[in-house]
$ cat start19.cif   # mmCIF, C-alpha atoms and all ligand atoms
data_protein
loop_
_atom_site.group_PDB
_atom_site.id
_atom_site.type_symbol
_atom_site.label_atom_id
_atom_site.label_comp_id
_atom_site.auth_asym_id
_atom_site.auth_seq_id
_atom_site.Cartn_x
_atom_site.Cartn_y
_atom_site.Cartn_z
ATOM 1 C CA MET A 1 -35.973 -19.852 2.073
ATOM 2 C CA TYR A 2 -37.581 -17.430 4.542
ATOM 3 C CA LYS A 3 -39.778 -14.465 3.802
ATOM 4 C CA VAL A 4 -38.941 -11.951 6.523
ATOM 5 C CA CYS A 5 -40.649 -8.640 7.210
ATOM 6 C CA VAL A 6 -38.845 -5.938 9.168
ATOM 7 C CA THR A 7 -41.088 -3.149 10.475
ATOM 8 C CA GLY A 8 -39.753 0.325 11.151
ATOM 9 C CA ALA A 9 -37.352 -0.437 8.324
ATOM 10 C CA ALA A 10 -36.422 3.202 7.768
ATOM 11 C CA GLY A 11 -35.182 3.516 11.348
ATOM 12 C CA ARG A 12 -31.720 3.074 12.824
ATOM 13 C CA VAL A 13 -32.231 -0.263 14.615
ATOM 14 C CA ALA A 14 -33.697 -1.858 11.495
ATOM 15 C CA GLN A 15 -30.834 -0.577 9.389
ATOM 16 C CA ALA A 16 -28.362 -2.165 11.789
ATOM 17 C CA PHE A 17 -30.395 -5.395 11.764
ATOM 18 C CA ILE A 18 -31.033 -5.803 8.034
ATOM 19 C CA PRO A 19 -27.357 -6.396 7.077
ATOM 20 C CA LEU A 20 -27.159 -9.177 9.704
ATOM 21 C CA LEU A 21 -30.214 -10.779 8.130
ATOM 22 C CA CYS A 22 -28.955 -10.507 4.560
ATOM 23 C CA ASN A 23 -25.315 -11.492 5.109
ATOM 24 C CA GLY A 24 -26.167 -14.885 6.637
ATOM 25 C CA SER A 25 -25.259 -13.946 10.208
ATOM 26 C CA ILE A 26 -28.680 -15.142 11.428
ATOM 27 C CA PHE A 27 -29.759 -17.859 8.993
ATOM 28 C CA PRO A 28 -26.585 -18.939 7.182
ATOM 29 C CA ASP A 29 -28.372 -21.715 5.273
ATOM 30 C CA LYS A 30 -31.433 -19.715 4.161
ATOM 31 C CA LYS A 31 -32.153 -17.402 1.284
ATOM 32 C CA ILE A 32 -34.122 -14.334 2.309
ATOM 33 C CA ILE A 33 -37.063 -12.596 0.672
ATOM 34 C CA LEU A 34 -37.135 -9.268 2.455
ATOM 35 C CA SER A 35 -40.251 -7.186 3.040
ATOM 36 C CA LEU A 36 -39.722 -3.691 4.467
ATOM 37 C CA LEU A 37 -42.495 -1.818 6.273
ATOM 38 C CA ASP A 38 -42.611 1.751 7.475
ATOM 39 C CA ILE A 39 -45.151 4.555 7.756
ATOM 40 C CA ASN A 40 -46.549 6.434 4.794
ATOM 41 C CA ASN A 41 -44.495 9.612 5.280
ATOM 42 C CA GLU A 42 -42.164 11.138 2.750
ATOM 43 C CA PRO A 43 -38.907 10.843 4.781
ATOM 44 C CA GLN A 44 -39.579 7.158 5.557
ATOM 45 C CA ILE A 45 -40.527 6.362 1.952
ATOM 46 C CA ARG A 46 -37.359 8.037 0.643
ATOM 47 C CA GLU A 47 -35.312 6.123 3.205
ATOM 48 C CA LEU A 48 -36.851 2.800 2.117
ATOM 49 C CA ASN A 49 -36.216 3.600 -1.545
ATOM 50 C CA GLY A 50 -32.584 4.405 -0.778
ATOM 51 C CA LEU A 51 -32.258 1.276 1.347
ATOM 52 C CA LYS A 52 -33.527 -0.895 -1.516
ATOM 53 C CA LEU A 53 -30.873 0.548 -3.841
ATOM 54 C CA GLU A 54 -28.138 -0.046 -1.288
ATOM 55 C CA LEU A 55 -29.249 -3.614 -0.680
ATOM 56 C CA ILE A 56 -28.817 -4.316 -4.392
ATOM 57 C CA ASP A 57 -25.367 -2.725 -4.279
ATOM 58 C CA CYS A 58 -24.361 -4.866 -1.292
ATOM 59 C CA ASN A 59 -25.001 -7.930 -3.458
ATOM 60 C CA TYR A 60 -25.633 -10.086 -0.389
ATOM 61 C CA PRO A 61 -25.463 -13.747 -1.367
ATOM 62 C CA ASN A 62 -28.469 -14.684 0.807
ATOM 63 C CA LEU A 63 -30.822 -11.947 -0.351
ATOM 64 C CA ILE A 64 -33.181 -12.914 -3.159
ATOM 65 C CA SER A 65 -35.463 -9.876 -3.376
ATOM 66 C CA VAL A 66 -36.664 -6.787 -1.504
ATOM 67 C CA SER A 67 -40.053 -5.078 -1.472
ATOM 68 C CA SER A 68 -41.125 -2.031 0.500
ATOM 69 C CA HIS A 69 -44.561 -1.272 1.936
ATOM 70 C CA THR A 70 -46.536 1.167 4.023
ATOM 71 C CA ASP A 71 -49.454 -1.224 4.640
ATOM 72 C CA PRO A 72 -48.851 -4.137 7.039
ATOM 73 C CA ASN A 73 -51.522 -6.199 5.255
ATOM 74 C CA GLU A 74 -49.284 -6.243 2.188
ATOM 75 C CA ALA A 75 -45.970 -6.343 4.020
ATOM 76 C CA PHE A 76 -46.896 -9.420 6.101
ATOM 77 C CA LYS A 77 -48.234 -11.474 3.190
ATOM 78 C CA ASP A 78 -46.879 -15.042 3.403
ATOM 79 C CA CYS A 79 -44.172 -14.080 5.876
ATOM 80 C CA ASP A 80 -42.345 -16.772 7.829
ATOM 81 C CA ILE A 81 -40.800 -14.315 10.268
ATOM 82 C CA ILE A 82 -41.684 -10.751 11.289
ATOM 83 C CA VAL A 83 -39.352 -8.552 13.313
ATOM 84 C CA PHE A 84 -41.354 -5.718 14.849
ATOM 85 C CA ILE A 85 -38.921 -2.854 15.273
ATOM 86 C CA GLY A 86 -41.238 -0.009 14.240
ATOM 87 C CA GLY A 87 -42.686 2.165 16.982
ATOM 88 C CA PHE A 88 -42.316 5.526 18.618
ATOM 89 C CA PRO A 89 -38.926 5.512 20.426
ATOM 90 C CA ARG A 90 -38.283 6.486 24.054
ATOM 91 C CA LYS A 91 -36.962 9.981 24.734
ATOM 92 C CA PRO A 92 -34.970 11.229 27.740
ATOM 93 C CA GLY A 93 -37.045 11.191 30.938
ATOM 94 C CA MET A 94 -39.539 8.593 29.683
ATOM 95 C CA GLU A 95 -40.101 5.039 30.881
ATOM 96 C CA ARG A 96 -40.759 2.404 28.219
ATOM 97 C CA LYS A 97 -44.348 2.014 29.445
ATOM 98 C CA ASP A 98 -44.967 5.679 28.540
ATOM 99 C CA LEU A 99 -44.892 4.529 24.893
ATOM 100 C CA LEU A 100 -47.793 2.158 25.378
ATOM 101 C CA LYS A 101 -50.577 4.554 24.409
ATOM 102 C CA ILE A 102 -49.015 5.504 21.104
ATOM 103 C CA ASN A 103 -47.437 2.157 20.183
ATOM 104 C CA SER A 104 -50.414 0.003 21.190
ATOM 105 C CA LYS A 105 -52.354 1.327 18.167
ATOM 106 C CA ILE A 106 -49.597 0.117 15.863
ATOM 107 C CA PHE A 107 -49.630 -3.325 17.454
ATOM 108 C CA THR A 108 -53.400 -3.650 17.366
ATOM 109 C CA GLU A 109 -53.351 -2.921 13.626
ATOM 110 C CA GLN A 110 -50.368 -5.162 12.999
ATOM 111 C CA GLY A 111 -51.867 -7.968 15.092
ATOM 112 C CA LEU A 112 -54.868 -7.975 12.741
ATOM 113 C CA ALA A 113 -52.590 -7.917 9.702
ATOM 114 C CA LEU A 114 -50.979 -11.156 10.894
ATOM 115 C CA LYS A 115 -53.869 -12.985 9.172
ATOM 116 C CA HIS A 116 -51.921 -12.436 5.935
ATOM 117 C CA ALA A 117 -48.746 -14.079 7.229
ATOM 118 C CA LYS A 118 -48.132 -17.833 7.248
ATOM 119 C CA GLU A 119 -50.003 -19.575 10.050
ATOM 120 C CA ASP A 120 -46.684 -20.569 11.600
ATOM 121 C CA VAL A 121 -45.211 -17.048 11.432
ATOM 122 C CA LYS A 122 -42.572 -16.353 14.091
ATOM 123 C CA CYS A 123 -42.887 -12.917 15.707
ATOM 124 C CA LEU A 124 -40.181 -11.041 17.555
ATOM 125 C CA VAL A 125 -41.155 -7.697 19.088
ATOM 126 C CA VAL A 126 -38.350 -5.193 19.633
ATOM 127 C CA ALA A 127 -40.371 -1.930 19.822
ATOM 128 C CA ASN A 128 -41.188 -0.874 23.365
ATOM 129 C CA PRO A 129 -42.832 -1.727 25.632
ATOM 130 C CA CYS A 130 -41.877 -4.910 23.806
ATOM 131 C CA ASN A 131 -43.428 -7.488 26.146
ATOM 132 C CA THR A 132 -46.811 -5.811 26.217
ATOM 133 C CA ASN A 133 -46.738 -5.021 22.491
ATOM 134 C CA ALA A 134 -46.277 -8.762 21.889
ATOM 135 C CA LYS A 135 -49.155 -9.462 24.269
ATOM 136 C CA ILE A 136 -51.385 -7.046 22.352
ATOM 137 C CA MET A 137 -50.798 -8.969 19.116
ATOM 138 C CA TYR A 138 -51.338 -12.298 20.861
ATOM 139 C CA GLU A 139 -54.648 -11.059 22.323
ATOM 140 C CA VAL A 140 -55.764 -9.469 19.021
ATOM 141 C CA CYS A 141 -55.144 -12.739 17.180
ATOM 142 C CA LYS A 142 -56.959 -14.764 19.836
ATOM 143 C CA LYS A 143 -59.944 -12.429 19.774
ATOM 144 C CA ASN A 144 -60.171 -12.370 15.979
ATOM 145 C CA GLY A 145 -59.701 -16.076 15.357
ATOM 146 C CA ILE A 146 -56.273 -15.666 13.744
ATOM 147 C CA LYS A 147 -54.738 -19.042 14.449
ATOM 148 C CA ILE A 148 -51.134 -18.503 15.431
ATOM 149 C CA ASN A 149 -49.632 -20.602 18.243
ATOM 150 C CA LYS A 150 -48.890 -18.630 21.356
ATOM 151 C CA GLU A 151 -45.275 -19.881 21.282
ATOM 152 C CA ASN A 152 -44.838 -17.813 18.113
ATOM 153 C CA PHE A 153 -45.200 -14.470 19.948
ATOM 154 C CA THR A 154 -41.926 -13.426 21.526
ATOM 155 C CA SER A 155 -40.267 -10.233 22.705
ATOM 156 C CA LEU A 156 -36.681 -9.110 23.073
ATOM 157 C CA SER A 157 -35.094 -9.509 26.495
ATOM 158 C CA ARG A 158 -31.857 -10.764 24.994
ATOM 159 C CA LEU A 159 -30.616 -7.179 24.903
ATOM 160 C CA ASP A 160 -30.709 -7.128 28.717
ATOM 161 C CA GLN A 161 -28.942 -10.489 28.896
ATOM 162 C CA ASP A 162 -26.246 -9.499 26.410
ATOM 163 C CA ARG A 163 -25.649 -6.158 28.075
ATOM 164 C CA ALA A 164 -25.558 -7.814 31.540
ATOM 165 C CA GLU A 165 -22.897 -10.230 30.284
ATOM 166 C CA GLY A 166 -20.918 -7.403 28.653
ATOM 167 C CA ILE A 167 -21.105 -5.168 31.720
ATOM 168 C CA TYR A 168 -20.257 -8.116 34.022
ATOM 169 C CA LYS A 169 -17.113 -8.715 31.974
ATOM 170 C CA GLU A 170 -16.199 -5.044 32.213
ATOM 171 C CA MET A 171 -16.897 -4.812 35.985
ATOM 172 C CA TYR A 172 -15.349 -8.072 37.108
ATOM 173 C CA ASN A 173 -12.813 -8.618 34.362
ATOM 174 C CA LYS A 174 -14.147 -12.190 33.938
ATOM 175 C CA GLU A 175 -15.916 -13.932 31.107
ATOM 176 C CA SER A 176 -19.484 -14.677 32.068
ATOM 177 C CA ALA A 177 -22.078 -17.105 30.887
ATOM 178 C CA ASN A 178 -25.614 -18.008 31.760
ATOM 179 C CA ILE A 179 -26.973 -14.718 32.990
ATOM 180 C CA PHE A 180 -30.674 -14.598 32.190
ATOM 181 C CA ILE A 181 -33.547 -12.188 32.638
ATOM 182 C CA TRP A 182 -36.884 -12.461 34.408
ATOM 183 C CA GLY A 183 -39.972 -10.339 33.833
ATOM 184 C CA ASN A 184 -40.333 -7.101 31.995
ATOM 185 C CA HIS A 185 -37.965 -5.065 29.816
ATOM 186 C CA SER A 186 -38.408 -2.227 32.295
ATOM 187 C CA SER A 187 -36.394 -0.521 34.981
ATOM 188 C CA ASN A 188 -37.462 -3.314 37.360
ATOM 189 C CA LEU A 189 -36.147 -6.170 35.213
ATOM 190 C CA PHE A 190 -34.351 -8.860 37.214
ATOM 191 C CA ILE A 191 -31.117 -10.653 36.292
ATOM 192 C CA ASP A 192 -30.284 -14.126 37.505
ATOM 193 C CA THR A 193 -27.896 -17.006 36.908
ATOM 194 C CA ILE A 194 -27.485 -20.650 37.835
ATOM 195 C CA ASP A 195 -23.694 -20.221 38.035
ATOM 196 C CA GLU A 196 -22.819 -20.103 41.742
ATOM 197 C CA SER A 197 -19.726 -17.928 41.426
ATOM 198 C CA ILE A 198 -21.454 -15.361 39.208
ATOM 199 C CA ASN A 199 -24.444 -15.461 41.543
ATOM 200 C CA LYS A 200 -22.141 -14.564 44.450
ATOM 201 C CA ASP A 201 -20.772 -11.625 42.482
ATOM 202 C CA ILE A 202 -24.120 -10.204 41.453
ATOM 203 C CA GLU A 203 -26.753 -11.237 43.999
ATOM 204 C CA ASN A 204 -26.022 -8.516 46.490
ATOM 205 C CA ASN A 205 -24.498 -6.018 44.096
ATOM 206 C CA SER A 206 -27.343 -3.580 43.631
ATOM 207 C CA ASN A 207 -25.069 -1.370 41.477
ATOM 208 C CA PHE A 208 -24.774 -4.126 38.906
ATOM 209 C CA LEU A 209 -28.512 -4.794 38.763
ATOM 210 C CA GLU A 210 -29.290 -1.095 38.631
ATOM 211 C CA LYS A 211 -26.801 -0.541 35.830
ATOM 212 C CA ILE A 212 -28.566 -3.127 33.646
ATOM 213 C CA GLN A 213 -32.010 -1.861 34.625
ATOM 214 C CA LYS A 214 -31.070 1.670 33.597
ATOM 215 C CA ARG A 215 -28.745 0.987 30.674
ATOM 216 C CA GLY A 216 -31.340 1.821 28.014
ATOM 217 C CA ALA A 217 -31.990 5.194 29.693
ATOM 218 C CA GLU A 218 -28.251 5.782 30.126
ATOM 219 C CA ILE A 219 -27.706 5.379 26.376
ATOM 220 C CA ILE A 220 -30.611 7.730 25.624
ATOM 221 C CA ASN A 221 -29.231 10.346 28.011
ATOM 222 C CA VAL A 222 -25.680 10.088 26.690
ATOM 223 C CA ARG A 223 -26.442 10.244 22.994
ATOM 224 C CA GLY A 224 -29.973 11.651 22.868
ATOM 225 C CA SER A 225 -31.378 8.581 21.135
ATOM 226 C CA SER A 226 -31.837 4.939 22.058
ATOM 227 C CA SER A 227 -29.643 1.892 21.511
ATOM 228 C CA THR A 228 -29.084 0.830 17.923
ATOM 229 C CA PHE A 229 -26.667 -1.905 16.977
ATOM 230 C CA SER A 230 -26.752 -3.599 20.402
ATOM 231 C CA ALA A 231 -30.521 -3.989 19.938
ATOM 232 C CA ALA A 232 -29.983 -5.281 16.388
ATOM 233 C CA LYS A 233 -27.334 -7.746 17.567
ATOM 234 C CA ALA A 234 -29.611 -8.974 20.364
ATOM 235 C CA ALA A 235 -32.467 -9.497 17.877
ATOM 236 C CA ARG A 236 -30.048 -11.507 15.746
ATOM 237 C CA ASN A 237 -29.052 -13.662 18.753
ATOM 238 C CA HIS A 238 -32.707 -14.206 19.730
ATOM 239 C CA LEU A 239 -33.707 -15.390 16.244
ATOM 240 C CA LYS A 240 -30.591 -17.483 15.656
ATOM 241 C CA ASP A 241 -30.984 -19.359 18.947
ATOM 242 C CA TRP A 242 -34.741 -19.771 18.501
ATOM 243 C CA CYS A 243 -34.186 -21.276 15.057
ATOM 244 C CA TYR A 244 -31.069 -23.380 15.588
ATOM 245 C CA GLY A 245 -30.985 -23.934 19.383
ATOM 246 C CA ASN A 246 -28.365 -23.117 21.995
ATOM 247 C CA GLU A 247 -26.743 -25.180 24.740
ATOM 248 C CA LYS A 248 -26.884 -22.188 27.102
ATOM 249 C CA ILE A 249 -29.915 -20.880 28.941
ATOM 250 C CA VAL A 250 -31.035 -17.721 27.106
ATOM 251 C CA SER A 251 -33.605 -15.011 27.772
ATOM 252 C CA MET A 252 -36.751 -14.564 25.711
ATOM 253 C CA GLY A 253 -40.037 -12.818 26.336
ATOM 254 C CA VAL A 254 -42.712 -15.497 25.831
ATOM 255 C CA VAL A 255 -46.392 -15.930 26.655
ATOM 256 C CA SER A 256 -46.559 -17.222 30.225
ATOM 257 C CA ASN A 257 -48.286 -20.495 31.055
ATOM 258 C CA GLY A 258 -48.217 -19.561 34.725
ATOM 259 C CA ASP A 259 -44.723 -20.954 35.382
ATOM 260 C CA TYR A 260 -42.892 -19.481 38.398
ATOM 261 C CA ASP A 261 -46.129 -17.730 39.430
ATOM 262 C CA ILE A 262 -45.912 -15.325 36.501
ATOM 263 C CA PRO A 263 -49.575 -14.950 35.563
ATOM 264 C CA LYS A 264 -50.796 -16.791 32.507
ATOM 265 C CA ASP A 265 -50.910 -14.830 29.242
ATOM 266 C CA LEU A 266 -48.527 -12.056 30.302
ATOM 267 C CA VAL A 267 -45.545 -11.859 27.956
ATOM 268 C CA SER A 268 -42.593 -12.112 30.315
ATOM 269 C CA SER A 269 -38.922 -12.912 30.025
ATOM 270 C CA PHE A 270 -38.007 -16.371 31.297
ATOM 271 C CA PRO A 271 -34.915 -18.562 31.334
ATOM 272 C CA ILE A 272 -35.323 -20.460 28.073
ATOM 273 C CA LYS A 273 -33.789 -23.518 26.491
ATOM 274 C CA CYS A 274 -33.949 -23.319 22.707
ATOM 275 C CA THR A 275 -33.880 -26.869 21.399
ATOM 276 C CA GLY A 276 -33.672 -26.121 17.674
ATOM 277 C CA ASN A 277 -36.144 -26.025 14.809
ATOM 278 C CA TRP A 278 -37.979 -23.045 16.379
ATOM 279 C CA LYS A 279 -38.781 -24.958 19.555
ATOM 280 C CA PHE A 280 -38.131 -23.780 23.092
ATOM 281 C CA GLU A 281 -38.915 -24.693 26.678
ATOM 282 C CA ILE A 282 -39.087 -22.612 29.825
ATOM 283 C CA VAL A 283 -36.315 -23.964 32.050
ATOM 284 C CA GLN A 284 -37.939 -25.579 35.085
ATOM 285 C CA GLY A 285 -36.673 -26.061 38.617
ATOM 286 C CA ILE A 286 -34.676 -22.861 39.046
ATOM 287 C CA GLU A 287 -34.428 -22.149 42.750
ATOM 288 C CA LEU A 288 -35.570 -18.718 43.790
ATOM 289 C CA ASN A 289 -34.957 -17.436 47.299
ATOM 290 C CA ASP A 290 -37.331 -14.907 48.844
ATOM 291 C CA GLY A 291 -35.174 -11.942 47.759
ATOM 292 C CA LYS A 292 -35.268 -13.060 44.128
ATOM 293 C CA LYS A 293 -38.992 -13.801 44.274
ATOM 294 C CA THR A 294 -39.677 -10.292 45.568
ATOM 295 C CA LYS A 295 -37.672 -8.707 42.743
ATOM 296 C CA ILE A 296 -39.399 -10.828 40.114
ATOM 297 C CA LYS A 297 -42.774 -9.923 41.614
ATOM 298 C CA LYS A 298 -41.949 -6.239 41.234
ATOM 299 C CA CYS A 299 -41.306 -6.495 37.502
ATOM 300 C CA VAL A 300 -44.344 -8.724 37.051
ATOM 301 C CA GLU A 301 -46.374 -5.923 38.631
ATOM 302 C CA ASP A 302 -45.037 -3.649 35.879
ATOM 303 C CA LEU A 303 -46.305 -6.135 33.292
ATOM 304 C CA GLN A 304 -49.694 -6.332 34.994
ATOM 305 C CA GLY A 305 -49.913 -2.541 35.088
ATOM 306 C CA GLU A 306 -49.191 -2.335 31.355
ATOM 307 C CA ALA A 307 -51.627 -5.169 30.601
ATOM 308 C CA SER A 308 -54.379 -3.363 32.503
ATOM 309 C CA GLU A 309 -54.088 -0.441 30.057
ATOM 310 C CA ILE A 310 -54.539 -2.404 26.867
ATOM 311 C CA VAL A 311 -57.814 -2.656 25.034
ATOM 312 C CA VAL A 312 -58.041 -5.121 22.150
HETATM 313 C C1 LIG B 401 -32.918 -0.397 25.255
HETATM 314 O O1 LIG B 401 -33.084 -1.084 26.251
HETATM 315 O O2 LIG B 401 -31.838 0.131 24.991
HETATM 316 C C2 LIG B 401 -34.073 -0.199 24.294
HETATM 317 O O3 LIG B 401 -35.152 -0.958 24.708
HETATM 318 C C3 LIG B 401 -34.446 1.234 24.109
HETATM 319 C C4 LIG B 401 -34.998 1.882 25.363
HETATM 320 O O4 LIG B 401 -36.000 2.602 25.273
HETATM 321 O O5 LIG B 401 -34.436 1.687 26.444
#
$ encode --input "start19.cif" --output "structure tokens" --more "lines below"
Ligand code: LMR
Amino acid sequence: MYKVCVTGAAGRVAQAFIPLLCNGSIFPDKKIILSLLDINNEPQIRELNGLKLELIDCNYPNLISVSSHTDPNEAFKDCDIIVFIGGFPRKPGMERKDLLKINSKIFTEQGLALKHAKEDVKCLVVANPCNTNAKIMYEVCKKNGIKINKENFTSLSRLDQDRAEGIYKEMYNKESANIFIWGNHSSNLFIDTIDESINKDIENNSNFLEKIQKRGAEIINVRGSSSTFSAAKAARNHLKDWCYGNEKIVSMGVVSNGDYDIPKDLVSSFPIKCTGNWKFEIVQGIELNDGKKTKIKKCVEDLQGEASEIVV
């Protein structure tokens, strides 16, 4: 059984994610106690109340109970897993880092509230800028003596991997595997692969890279609001692989140990091997030519810029 909290539960991404959680698409062998968190505003509270009724009507076999909250200290109590979706969303013309000022307050407060979760709580940050929001919680916990392993703080770069694989298939009319993401979930993110033939296709195709880097903004411009079910599906893939393992290399934002010259304690996307039972390793020995190193450096500079703005 897992107690799972979903933040921003009244929002669109959460409402695309929650059915995946309750219908066994993520943890087929686990019952779920669901804790919903959103802000203390009338529209959000009404939405959560409606959502609770609908969840009963769905009669999901894996769902044991649902509670809703406006205080993270209550919502996180005894949680095994927290999916941080709640935050101010990006609007047309904004970069994800422009959300830092407003969303960093949420993550400072929620980082402190992690003291109520289980010590081994697994955190996945979806709300942007997701890497730096995860770093804020990691730093808040460290500073306040909240003992959660640094491996438990992760952020969502799987959306970039999944969309790169989908767009590759559309562009080249070929199935793809083993694309992975380095660095930040920003417009300088870098995509890579260890598959030689895919590498040939994408290494010098700046259109492909640019398409992935700007896909989030493209969706916002086309529909006026940001991605929904692709983000929910990517969060599902991240958690499923983290829990059960995956043969493939996958992308996860994790706290850097300094591997590949990505400075220690930044939360960056790396090529990851999930080995099951919530364990993972950063894949070592990936060869990076100078061109790739330069592109990775650029998105690491984004992460450093964001990190320099945070105060915990
Ligand atoms: C995305 O990449 O679609 C999301 O992170 C939303 C955004 O602001 O781009």
$ residues_around --input "start19.cif" --residues "range 60-76 of chain A" --least-positions-apart "3" --cutoff "6 Å" --atoms "only C-alpha atoms" --output "list in words"
Cys22, Asn23, Lys31, Ile32, Ile33, Leu34, Ser35, Leu36, Leu37, Asp38, Ile39, Asn40, Cys79, Ala113, His116 and Ala117 of chain A
$ resolve_selection --input "start19.cif" --expression "the PyMOL selection byres (((chain A and resi 260-275) around 6) and not hetatm)" --output "PDB file with C-alpha atoms, keeping the file's coordinate frame"
ATOM      1  CA  ASN A 131     -43.428  -7.488  26.146  1.00  0.00           C
ATOM      2  CA  LYS A 135     -49.155  -9.462  24.269  1.00  0.00           C
ATOM      3  CA  PHE A 180     -30.674 -14.598  32.190  1.00  0.00           C
ATOM      4  CA  TRP A 182     -36.884 -12.461  34.408  1.00  0.00           C
ATOM      5  CA  GLY A 183     -39.972 -10.339  33.833  1.00  0.00           C
ATOM      6  CA  ASN A 184     -40.333  -7.101  31.995  1.00  0.00           C
ATOM      7  CA  TRP A 242     -34.741 -19.771  18.501  1.00  0.00           C
ATOM      8  CA  GLY A 245     -30.985 -23.934  19.383  1.00  0.00           C
ATOM      9  CA  ASN A 246     -28.365 -23.117  21.995  1.00  0.00           C
ATOM     10  CA  ILE A 249     -29.915 -20.880  28.941  1.00  0.00           C
ATOM     11  CA  VAL A 250     -31.035 -17.721  27.106  1.00  0.00           C
ATOM     12  CA  SER A 251     -33.605 -15.011  27.772  1.00  0.00           C
ATOM     13  CA  MET A 252     -36.751 -14.564  25.711  1.00  0.00           C
ATOM     14  CA  GLY A 253     -40.037 -12.818  26.336  1.00  0.00           C
ATOM     15  CA  VAL A 254     -42.712 -15.497  25.831  1.00  0.00           C
ATOM     16  CA  VAL A 255     -46.392 -15.930  26.655  1.00  0.00           C
ATOM     17  CA  SER A 256     -46.559 -17.222  30.225  1.00  0.00           C
ATOM     18  CA  ASN A 257     -48.286 -20.495  31.055  1.00  0.00           C
ATOM     19  CA  GLY A 258     -48.217 -19.561  34.725  1.00  0.00           C
ATOM     20  CA  ASP A 259     -44.723 -20.954  35.382  1.00  0.00           C
ATOM     21  CA  GLY A 276     -33.672 -26.121  17.674  1.00  0.00           C
ATOM     22  CA  LYS A 279     -38.781 -24.958  19.555  1.00  0.00           C
ATOM     23  CA  PHE A 280     -38.131 -23.780  23.092  1.00  0.00           C
ATOM     24  CA  GLU A 281     -38.915 -24.693  26.678  1.00  0.00           C
ATOM     25  CA  ILE A 282     -39.087 -22.612  29.825  1.00  0.00           C
ATOM     26  CA  VAL A 283     -36.315 -23.964  32.050  1.00  0.00           C
TER      27      VAL A 283
END
$ resolve_selection --input "start19.cif" --expression "the PyMOL selection byres (((chain A and resi 207-217) around 8) and not hetatm)" --output "PyMOL selection string"
chain A and resi 92-93+160+163-164+167-168+186-191+202+205-206+218-221+226-227
$ write_last_selection --input "start19.cif" --atoms "C-alpha atoms" --output "JSON list (two decimals), in the frame of the given file"
[["chain", "number", "residue", "atom", "x", "y", "z"],
["A", 92, "PRO", "CA", -34.97, 11.23, 27.74],
["A", 93, "GLY", "CA", -37.04, 11.19, 30.94],
["A", 160, "ASP", "CA", -30.71, -7.13, 28.72],
["A", 163, "ARG", "CA", -25.65, -6.16, 28.08],
["A", 164, "ALA", "CA", -25.56, -7.81, 31.54],
["A", 167, "ILE", "CA", -21.10, -5.17, 31.72],
["A", 168, "TYR", "CA", -20.26, -8.12, 34.02],
["A", 186, "SER", "CA", -38.41, -2.23, 32.30],
["A", 187, "SER", "CA", -36.39, -0.52, 34.98],
["A", 188, "ASN", "CA", -37.46, -3.31, 37.36],
["A", 189, "LEU", "CA", -36.15, -6.17, 35.21],
["A", 190, "PHE", "CA", -34.35, -8.86, 37.21],
["A", 191, "ILE", "CA", -31.12, -10.65, 36.29],
["A", 202, "ILE", "CA", -24.12, -10.20, 41.45],
["A", 205, "ASN", "CA", -24.50, -6.02, 44.10],
["A", 206, "SER", "CA", -27.34, -3.58, 43.63],
["A", 218, "GLU", "CA", -28.25, 5.78, 30.13],
["A", 219, "ILE", "CA", -27.71, 5.38, 26.38],
["A", 220, "ILE", "CA", -30.61, 7.73, 25.62],
["A", 221, "ASN", "CA", -29.23, 10.35, 28.01],
["A", 226, "SER", "CA", -31.84, 4.94, 22.06],
["A", 227, "SER", "CA", -29.64, 1.89, 21.51]]
$ axis_aligned_box --input "start19.cif" --around "range 158-174 of chain A" --padding-each-side "4 Å" --output "lines of an AutoDock Vina configuration file"
center_x = -22.3
center_y = -8.5
center_z = 31.0
size_x = 27.0
size_y = 15.4
size_z = 20.2
$ atom_distance --input "start19.cif" --atom1 "CA of Val311 in chain A" --atom2 "CA of Val140 in chain A"
9.3 Å
$ atom_distance --input "start19.cif" --atom1 "CA of Phe88 in chain A" --atom2 "CA of Thr7 in chain A"
12.0 Å
$ closest_residue --input "start19.cif" --among "A:Ser155, A:Gln161, A:Asn128, A:Ser308" --to "ligand LIG 401 (chain B)" --atoms "all atoms listed in the file"
A:Asn128
$ atom_distance --input "start19.cif" --atom1 "CA of Ile26 in chain A" --atom2 "CA of Ile56 in chain A"
19.2 Å
$ closest_residue --input "start19.cif" --among "A:Ile81, A:Leu99, A:Leu48, A:Ile179" --to "Cys123 in chain A" --atoms "all atoms listed in the file"
A:Ile81
